[in-house]
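Encoded as structure tokens, the structure appears first; notes follow it.
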Amino acid sequence: YGLLANTIPISFETEALKAQAIVARTYVVSKKINPCTEANGGDICDSAHCQVYSSKDDILKKWGEENGERYWEKIKEAVDETKGKVLTYNNELVLYPQFFSTSSGKTESSVDVNGNDIPYLKSVDSPGDEESSKFESSKEITLSDLAYIISNKYPKSGITSSNIRDSISILSRSESGGVIELKVGDSVIKGADFKVLL
């Protein structure tokens, strides 16, 4: 319950909550096979690295007294009605049950994100995402801050605040338009790593 309450807005329909409960449960079960490296001996950690968990008390505080118990019952219903259900592919547990709130209108294939060609993680159209409040966002950063961040992580890149304008270029894109690799000074960086860096 404390996991589902953190992964999907409570305003979503019950069927969406049920689908998310199944995906979240699949993720937890998959970690019994591929434990988290940051879980300090456990199978899974309770941070954004794996899945954020909060106690019922913390969740109710977040929702407030007026609606807290009613919302909690909605979460319980979604979890209880999907009890024991996980995602499978070819009768085997899905080991990479990936999910996210918003795409750019098309999802990414796993081969373009992490180099693994996982048959159930192929690029598909994702219509309707443009209506999400998270579809567009921006982050402003000075060139000197950007140069510092890059050179701190990639010291061999040779990036400085004076050469950064002409030192970043996209080398390859995925079918959906995502950046696979960038040339950053003298270094080649995966698009996913650059995204995390910023």
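Scheme for the structure tokens: letters A, B, ... for chains in order shown; per-chain residue numbers from 1; ligand numbers from 1 in order shown.
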Q: Compile the contact shell of Tyr89 of chain A as a PyMOL selection string: residues with an atom at most 10 Å away, counting only C-alpha atoms, same-chain residues fewer than 4 positions apart removed.
A: chain A and resi 93-95+119-120
Only C-alpha atoms, please: the residues just picked out, written as an mmCIF file, in the first residue's frame.
```
data_model
loop_
_atom_site.group_PDB
_atom_site.id
_atom_site.type_symbol
_atom_site.label_atom_id
_atom_site.label_comp_id
_atom_site.auth_asym_id
_atom_site.auth_seq_id
_atom_site.Cartn_x
_atom_site.Cartn_y
_atom_site.Cartn_z
ATOM 1 C CA LEU A 93 8.341 -13.216 -14.924
ATOM 2 C CA VAL A 94 8.987 -9.848 -16.540
ATOM 3 C CA LEU A 95 12.396 -8.924 -15.103
ATOM 4 C CA PRO A 119 11.586 -8.179 -26.500
ATOM 5 C CA TYR A 120 8.801 -6.550 -24.450
#
```
Would you pick out the contacts of segment 65-72 of chain A at 9 Å or less, using only C-alpha atoms, so that residues sharing its chain but fewer than 4 positions from it are not included, and give the list as a PDB file with all heavy atoms, in the first residue's frame?
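Everything below was put into result-v3.pdb:
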```
ATOM      1  N   TYR A   1       0.824  -1.198   0.000  1.00  0.00           N
ATOM      2  CA  TYR A   1       0.000   0.000   0.000  1.00  0.00           C
ATOM      3  C   TYR A   1       0.869   1.263   0.000  1.00  0.00           C
ATOM      4  O   TYR A   1       0.604   2.212  -0.725  1.00  0.00           O
ATOM      5  CB  TYR A   1      -0.928   0.024   1.207  1.00  0.00           C
ATOM      6  CG  TYR A   1      -1.773  -1.218   1.406  1.00  0.00           C
ATOM      7  CD1 TYR A   1      -1.898  -1.786   2.672  1.00  0.00           C
ATOM      8  CD2 TYR A   1      -2.446  -1.818   0.351  1.00  0.00           C
ATOM      9  CE1 TYR A   1      -2.681  -2.915   2.875  1.00  0.00           C
ATOM     10  CE2 TYR A   1      -3.226  -2.954   0.549  1.00  0.00           C
ATOM     11  CZ  TYR A   1      -3.344  -3.496   1.809  1.00  0.00           C
ATOM     12  OH  TYR A   1      -4.117  -4.619   2.018  1.00  0.00           O
ATOM     13  N   ALA A   5       0.913   4.100  -3.123  1.00  0.00           N
ATOM     14  CA  ALA A   5       0.506   5.475  -2.799  1.00  0.00           C
ATOM     15  C   ALA A   5       1.540   6.504  -3.245  1.00  0.00           C
ATOM     16  O   ALA A   5       1.210   7.676  -3.417  1.00  0.00           O
ATOM     17  CB  ALA A   5       0.261   5.601  -1.298  1.00  0.00           C
ATOM     18  N   ILE A  10      -3.474   9.635  -6.660  1.00  0.00           N
ATOM     19  CA  ILE A  10      -4.682   9.012  -6.099  1.00  0.00           C
ATOM     20  C   ILE A  10      -5.922   9.404  -6.893  1.00  0.00           C
ATOM     21  O   ILE A  10      -6.932   8.704  -6.857  1.00  0.00           O
ATOM     22  CB  ILE A  10      -4.835   9.357  -4.591  1.00  0.00           C
ATOM     23  CG1 ILE A  10      -5.889   8.460  -3.932  1.00  0.00           C
ATOM     24  CG2 ILE A  10      -5.151  10.831  -4.393  1.00  0.00           C
ATOM     25  CD1 ILE A  10      -5.570   7.005  -3.922  1.00  0.00           C
ATOM     26  N   SER A  11      -5.849  10.481  -7.659  1.00  0.00           N
ATOM     27  CA  SER A  11      -6.997  10.922  -8.461  1.00  0.00           C
ATOM     28  C   SER A  11      -7.231  10.032  -9.678  1.00  0.00           C
ATOM     29  O   SER A  11      -8.291  10.091 -10.292  1.00  0.00           O
ATOM     30  CB  SER A  11      -6.781  12.367  -8.926  1.00  0.00           C
ATOM     31  OG  SER A  11      -5.606  12.451  -9.729  1.00  0.00           O
ATOM     32  N   LYS A  56       1.878   4.187   6.269  1.00  0.00           N
ATOM     33  CA  LYS A  56       0.509   4.679   6.188  1.00  0.00           C
ATOM     34  C   LYS A  56       0.399   6.043   6.864  1.00  0.00           C
ATOM     35  O   LYS A  56      -0.235   6.953   6.329  1.00  0.00           O
ATOM     36  CB  LYS A  56      -0.466   3.689   6.835  1.00  0.00           C
ATOM     37  CG  LYS A  56      -1.904   4.172   6.795  1.00  0.00           C
ATOM     38  CD  LYS A  56      -2.856   3.177   7.447  1.00  0.00           C
ATOM     39  CE  LYS A  56      -4.284   3.708   7.407  1.00  0.00           C
ATOM     40  NZ  LYS A  56      -5.238   2.805   8.060  1.00  0.00           N
ATOM     41  N   ILE A  59       1.751   8.721   4.596  1.00  0.00           N
ATOM     42  CA  ILE A  59       0.859   8.925   3.453  1.00  0.00           C
ATOM     43  C   ILE A  59      -0.375   9.715   3.885  1.00  0.00           C
ATOM     44  O   ILE A  59      -0.791  10.659   3.209  1.00  0.00           O
ATOM     45  CB  ILE A  59       0.435   7.572   2.824  1.00  0.00           C
ATOM     46  CG1 ILE A  59       1.647   6.851   2.228  1.00  0.00           C
ATOM     47  CG2 ILE A  59      -0.654   7.759   1.788  1.00  0.00           C
ATOM     48  CD1 ILE A  59       2.294   7.528   1.038  1.00  0.00           C
ATOM     49  N   LEU A  60      -0.964   9.353   5.017  1.00  0.00           N
ATOM     50  CA  LEU A  60      -2.160  10.056   5.491  1.00  0.00           C
ATOM     51  C   LEU A  60      -1.860  11.514   5.813  1.00  0.00           C
ATOM     52  O   LEU A  60      -2.694  12.398   5.559  1.00  0.00           O
ATOM     53  CB  LEU A  60      -2.760   9.341   6.703  1.00  0.00           C
ATOM     54  CG  LEU A  60      -3.359   7.961   6.432  1.00  0.00           C
ATOM     55  CD1 LEU A  60      -3.900   7.343   7.720  1.00  0.00           C
ATOM     56  CD2 LEU A  60      -4.432   8.004   5.366  1.00  0.00           C
ATOM     57  N   LYS A  61      -0.680  11.784   6.339  1.00  0.00           N
ATOM     58  CA  LYS A  61      -0.281  13.179   6.596  1.00  0.00           C
ATOM     59  C   LYS A  61      -0.212  13.962   5.288  1.00  0.00           C
ATOM     60  O   LYS A  61      -0.627  15.112   5.220  1.00  0.00           O
ATOM     61  CB  LYS A  61       1.079  13.225   7.300  1.00  0.00           C
ATOM     62  CG  LYS A  61       1.019  12.884   8.756  1.00  0.00           C
ATOM     63  CD  LYS A  61       2.424  12.912   9.363  1.00  0.00           C
ATOM     64  CE  LYS A  61       2.423  12.269  10.733  1.00  0.00           C
ATOM     65  NZ  LYS A  61       3.785  12.081  11.248  1.00  0.00           N
ATOM     66  N   LYS A  76      -5.870   0.431  -1.000  1.00  0.00           N
ATOM     67  CA  LYS A  76      -6.015  -0.951  -0.521  1.00  0.00           C
ATOM     68  C   LYS A  76      -6.825  -1.783  -1.509  1.00  0.00           C
ATOM     69  O   LYS A  76      -6.498  -2.931  -1.787  1.00  0.00           O
ATOM     70  CB  LYS A  76      -6.686  -0.959   0.851  1.00  0.00           C
ATOM     71  CG  LYS A  76      -5.765  -0.630   1.999  1.00  0.00           C
ATOM     72  CD  LYS A  76      -6.462  -0.732   3.334  1.00  0.00           C
ATOM     73  CE  LYS A  76      -6.870  -2.159   3.608  1.00  0.00           C
ATOM     74  NZ  LYS A  76      -7.517  -2.360   4.903  1.00  0.00           N
ATOM     75  N   GLU A  77      -7.892  -1.203  -2.029  1.00  0.00           N
ATOM     76  CA  GLU A  77      -8.735  -1.920  -2.991  1.00  0.00           C
ATOM     77  C   GLU A  77      -7.929  -2.330  -4.218  1.00  0.00           C
ATOM     78  O   GLU A  77      -7.999  -3.474  -4.676  1.00  0.00           O
ATOM     79  CB  GLU A  77      -9.915  -1.029  -3.405  1.00  0.00           C
ATOM     80  CG  GLU A  77     -10.797  -1.640  -4.467  1.00  0.00           C
ATOM     81  CD  GLU A  77     -11.869  -0.669  -4.979  1.00  0.00           C
ATOM     82  OE1 GLU A  77     -12.049   0.413  -4.388  1.00  0.00           O
ATOM     83  OE2 GLU A  77     -12.519  -1.017  -5.980  1.00  0.00           O
TER      84      GLU A  77
END
```
Set the distance at 8 Å and use only C-alpha atoms: which residues neighbour Lys134 of chain A once local chain neighbours fewer than 2 positions away are removed? I'd like the list as a PDB file with all heavy atoms, in the first residue's frame.
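Writing done, so here's part_23.pdb:
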```
ATOM      1  N   SER A 101       5.955   8.319 -15.995  1.00  0.00           N
ATOM      2  CA  SER A 101       4.714   9.087 -16.039  1.00  0.00           C
ATOM      3  C   SER A 101       4.418   9.648 -17.427  1.00  0.00           C
ATOM      4  O   SER A 101       3.269   9.708 -17.831  1.00  0.00           O
ATOM      5  CB  SER A 101       4.747  10.231 -15.023  1.00  0.00           C
ATOM      6  OG  SER A 101       5.649  11.234 -15.437  1.00  0.00           O
ATOM      7  N   THR A 102       5.437  10.073 -18.150  1.00  0.00           N
ATOM      8  CA  THR A 102       5.211  10.790 -19.398  1.00  0.00           C
ATOM      9  C   THR A 102       6.337  10.514 -20.382  1.00  0.00           C
ATOM     10  O   THR A 102       7.502  10.560 -20.009  1.00  0.00           O
ATOM     11  CB  THR A 102       5.163  12.315 -19.123  1.00  0.00           C
ATOM     12  OG1 THR A 102       4.272  12.567 -18.039  1.00  0.00           O
ATOM     13  CG2 THR A 102       4.700  13.086 -20.337  1.00  0.00           C
ATOM     14  N   SER A 132      -0.256  15.655 -20.611  1.00  0.00           N
ATOM     15  CA  SER A 132       0.279  15.597 -19.251  1.00  0.00           C
ATOM     16  C   SER A 132       0.901  16.934 -18.858  1.00  0.00           C
ATOM     17  O   SER A 132       1.538  17.598 -19.674  1.00  0.00           O
ATOM     18  CB  SER A 132       1.333  14.498 -19.147  1.00  0.00           C
ATOM     19  OG  SER A 132       2.045  14.602 -17.931  1.00  0.00           O
ATOM     20  N   GLU A 136       6.068  18.970 -21.034  1.00  0.00           N
ATOM     21  CA  GLU A 136       7.115  19.944 -21.315  1.00  0.00           C
ATOM     22  C   GLU A 136       7.657  20.493 -20.011  1.00  0.00           C
ATOM     23  O   GLU A 136       6.904  20.778 -19.085  1.00  0.00           O
ATOM     24  CB  GLU A 136       6.580  21.100 -22.162  1.00  0.00           C
ATOM     25  CG  GLU A 136       6.246  20.711 -23.575  1.00  0.00           C
ATOM     26  CD  GLU A 136       5.812  21.903 -24.419  1.00  0.00           C
ATOM     27  OE1 GLU A 136       5.734  23.039 -23.888  1.00  0.00           O
ATOM     28  OE2 GLU A 136       5.567  21.704 -25.608  1.00  0.00           O
ATOM     29  N   SER A 137       8.958  20.610 -19.942  1.00  0.00           N
ATOM     30  CA  SER A 137       9.591  21.227 -18.781  1.00  0.00           C
ATOM     31  C   SER A 137      10.908  21.833 -19.240  1.00  0.00           C
ATOM     32  O   SER A 137      11.411  21.525 -20.323  1.00  0.00           O
ATOM     33  CB  SER A 137       9.837  20.197 -17.672  1.00  0.00           C
ATOM     34  OG  SER A 137      10.747  19.220 -18.100  1.00  0.00           O
TER      35      SER A 137
END
```
Q) DSSP on the backbone: what in segment 23-162 of chain A comes out strand (DSSP E), as a PyMOL selection string? A) chain A and resi 88-89+92-93
Q: Run DSSP on the backbone of this structure and report the residues of segment 70-144 of chain A it assigns to alpha helix (DSSP H), as an MDAnalysis selection string.
A: chainID A and resid 70:81 110:114 143:144
Go ahead and write the residues just picked, N, CA, C and O atoms, as a PDB file, in the first residue's frame.
```pdb
ATOM      1  N   ARG A  70     -10.182   7.756   3.115  1.00  0.00           N
ATOM      2  CA  ARG A  70     -10.902   7.370   1.891  1.00  0.00           C
ATOM      3  C   ARG A  70      -9.910   7.025   0.775  1.00  0.00           C
ATOM      4  O   ARG A  70     -10.062   6.025   0.067  1.00  0.00           O
ATOM      5  N   TYR A  71      -8.870   7.831   0.639  1.00  0.00           N
ATOM      6  CA  TYR A  71      -7.843   7.566  -0.368  1.00  0.00           C
ATOM      7  C   TYR A  71      -7.102   6.263  -0.047  1.00  0.00           C
ATOM      8  O   TYR A  71      -6.795   5.478  -0.941  1.00  0.00           O
ATOM      9  N   TRP A  72      -6.827   6.038   1.243  1.00  0.00           N
ATOM     10  CA  TRP A  72      -6.126   4.816   1.640  1.00  0.00           C
ATOM     11  C   TRP A  72      -6.947   3.584   1.276  1.00  0.00           C
ATOM     12  O   TRP A  72      -6.394   2.579   0.802  1.00  0.00           O
ATOM     13  N   GLU A  73      -8.244   3.658   1.455  1.00  0.00           N
ATOM     14  CA  GLU A  73      -9.121   2.538   1.082  1.00  0.00           C
ATOM     15  C   GLU A  73      -9.081   2.296  -0.422  1.00  0.00           C
ATOM     16  O   GLU A  73      -9.142   1.144  -0.872  1.00  0.00           O
ATOM     17  N   LYS A  74      -8.968   3.351  -1.204  1.00  0.00           N
ATOM     18  CA  LYS A  74      -8.868   3.214  -2.656  1.00  0.00           C
ATOM     19  C   LYS A  74      -7.571   2.484  -3.023  1.00  0.00           C
ATOM     20  O   LYS A  74      -7.566   1.611  -3.896  1.00  0.00           O
ATOM     21  N   ILE A  75      -6.485   2.828  -2.363  1.00  0.00           N
ATOM     22  CA  ILE A  75      -5.197   2.155  -2.584  1.00  0.00           C
ATOM     23  C   ILE A  75      -5.299   0.684  -2.177  1.00  0.00           C
ATOM     24  O   ILE A  75      -4.874  -0.212  -2.913  1.00  0.00           O
ATOM     25  N   LYS A  76      -5.870   0.431  -1.000  1.00  0.00           N
ATOM     26  CA  LYS A  76      -6.015  -0.951  -0.521  1.00  0.00           C
ATOM     27  C   LYS A  76      -6.825  -1.783  -1.509  1.00  0.00           C
ATOM     28  O   LYS A  76      -6.498  -2.931  -1.787  1.00  0.00           O
ATOM     29  N   GLU A  77      -7.892  -1.203  -2.029  1.00  0.00           N
ATOM     30  CA  GLU A  77      -8.735  -1.920  -2.991  1.00  0.00           C
ATOM     31  C   GLU A  77      -7.929  -2.330  -4.218  1.00  0.00           C
ATOM     32  O   GLU A  77      -7.999  -3.474  -4.676  1.00  0.00           O
ATOM     33  N   ALA A  78      -7.149  -1.408  -4.762  1.00  0.00           N
ATOM     34  CA  ALA A  78      -6.355  -1.706  -5.964  1.00  0.00           C
ATOM     35  C   ALA A  78      -5.329  -2.800  -5.697  1.00  0.00           C
ATOM     36  O   ALA A  78      -5.150  -3.711  -6.514  1.00  0.00           O
ATOM     37  N   VAL A  79      -4.668  -2.734  -4.549  1.00  0.00           N
ATOM     38  CA  VAL A  79      -3.657  -3.738  -4.206  1.00  0.00           C
ATOM     39  C   VAL A  79      -4.321  -5.087  -3.923  1.00  0.00           C
ATOM     40  O   VAL A  79      -3.895  -6.125  -4.441  1.00  0.00           O
ATOM     41  N   ASP A  80      -5.376  -5.073  -3.119  1.00  0.00           N
ATOM     42  CA  ASP A  80      -6.027  -6.327  -2.731  1.00  0.00           C
ATOM     43  C   ASP A  80      -6.687  -7.038  -3.915  1.00  0.00           C
ATOM     44  O   ASP A  80      -6.648  -8.265  -4.007  1.00  0.00           O
ATOM     45  N   GLU A  81      -7.274  -6.265  -4.827  1.00  0.00           N
ATOM     46  CA  GLU A  81      -7.948  -6.888  -5.979  1.00  0.00           C
ATOM     47  C   GLU A  81      -6.972  -7.442  -7.005  1.00  0.00           C
ATOM     48  O   GLU A  81      -7.381  -8.171  -7.905  1.00  0.00           O
ATOM     49  N   SER A 110      14.476  -0.713 -25.283  1.00  0.00           N
ATOM     50  CA  SER A 110      15.524  -0.968 -24.288  1.00  0.00           C
ATOM     51  C   SER A 110      16.912  -0.983 -24.911  1.00  0.00           C
ATOM     52  O   SER A 110      17.876  -0.538 -24.292  1.00  0.00           O
ATOM     53  N   VAL A 111      17.017  -1.444 -26.128  1.00  0.00           N
ATOM     54  CA  VAL A 111      18.325  -1.515 -26.776  1.00  0.00           C
ATOM     55  C   VAL A 111      18.928  -0.119 -26.937  1.00  0.00           C
ATOM     56  O   VAL A 111      20.147   0.049 -26.880  1.00  0.00           O
ATOM     57  N   ASP A 112      18.082   0.892 -27.100  1.00  0.00           N
ATOM     58  CA  ASP A 112      18.567   2.261 -27.242  1.00  0.00           C
ATOM     59  C   ASP A 112      18.887   2.912 -25.905  1.00  0.00           C
ATOM     60  O   ASP A 112      19.656   3.860 -25.832  1.00  0.00           O
ATOM     61  N   VAL A 113      18.303   2.412 -24.824  1.00  0.00           N
ATOM     62  CA  VAL A 113      18.517   3.008 -23.505  1.00  0.00           C
ATOM     63  C   VAL A 113      19.688   2.359 -22.786  1.00  0.00           C
ATOM     64  O   VAL A 113      20.572   3.040 -22.265  1.00  0.00           O
ATOM     65  N   ASN A 114      19.709   1.026 -22.748  1.00  0.00           N
ATOM     66  CA  ASN A 114      20.758   0.360 -21.969  1.00  0.00           C
ATOM     67  C   ASN A 114      21.523  -0.708 -22.751  1.00  0.00           C
ATOM     68  O   ASN A 114      22.316  -1.435 -22.176  1.00  0.00           O
ATOM     69  N   LEU A 143      26.355  28.404 -18.401  1.00  0.00           N
ATOM     70  CA  LEU A 143      27.383  27.637 -19.093  1.00  0.00           C
ATOM     71  C   LEU A 143      28.505  27.229 -18.142  1.00  0.00           C
ATOM     72  O   LEU A 143      29.027  26.124 -18.232  1.00  0.00           O
ATOM     73  N   SER A 144      28.849  28.105 -17.206  1.00  0.00           N
ATOM     74  CA  SER A 144      29.923  27.763 -16.274  1.00  0.00           C
ATOM     75  C   SER A 144      29.497  26.623 -15.345  1.00  0.00           C
ATOM     76  O   SER A 144      30.294  25.733 -15.042  1.00  0.00           O
TER      77      SER A 144
END
```
Q. Out of A:Leu3, A:Ser162, A:Ile150, A:Ser174, which residue has the shortest atom-to-atom distance to Phe194 of chain A when counting only C-alpha atoms?
A. A:Ile150
Q) If you count only C-alpha atoms, which residues fall within 12 Å of Glu92 of chain A, apart from same-chain ones fewer than 5 positions away, as a PyMOL selection string? A) chain A and resi 26+30+86-87+120
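We find atom CA of Ile189 of chain A and atom CA of Asp129 of chain A to be spaced 27.4 Å apart.
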(Q) as a ChimeraX atom specification, please: the residues near segment 153-157 of chain A (cut-off 10 Å, only C-alpha atoms, same-chain neighbours under 6 positions excluded). (A) /A:147,167,183-189,197
Q) Given the choices A:Thr7, A:Gln20, A:Asn34, A:Thr142, which gets closest to Arg165 of chain A if the distance is worked out from only C-alpha atoms? A) A:Thr142
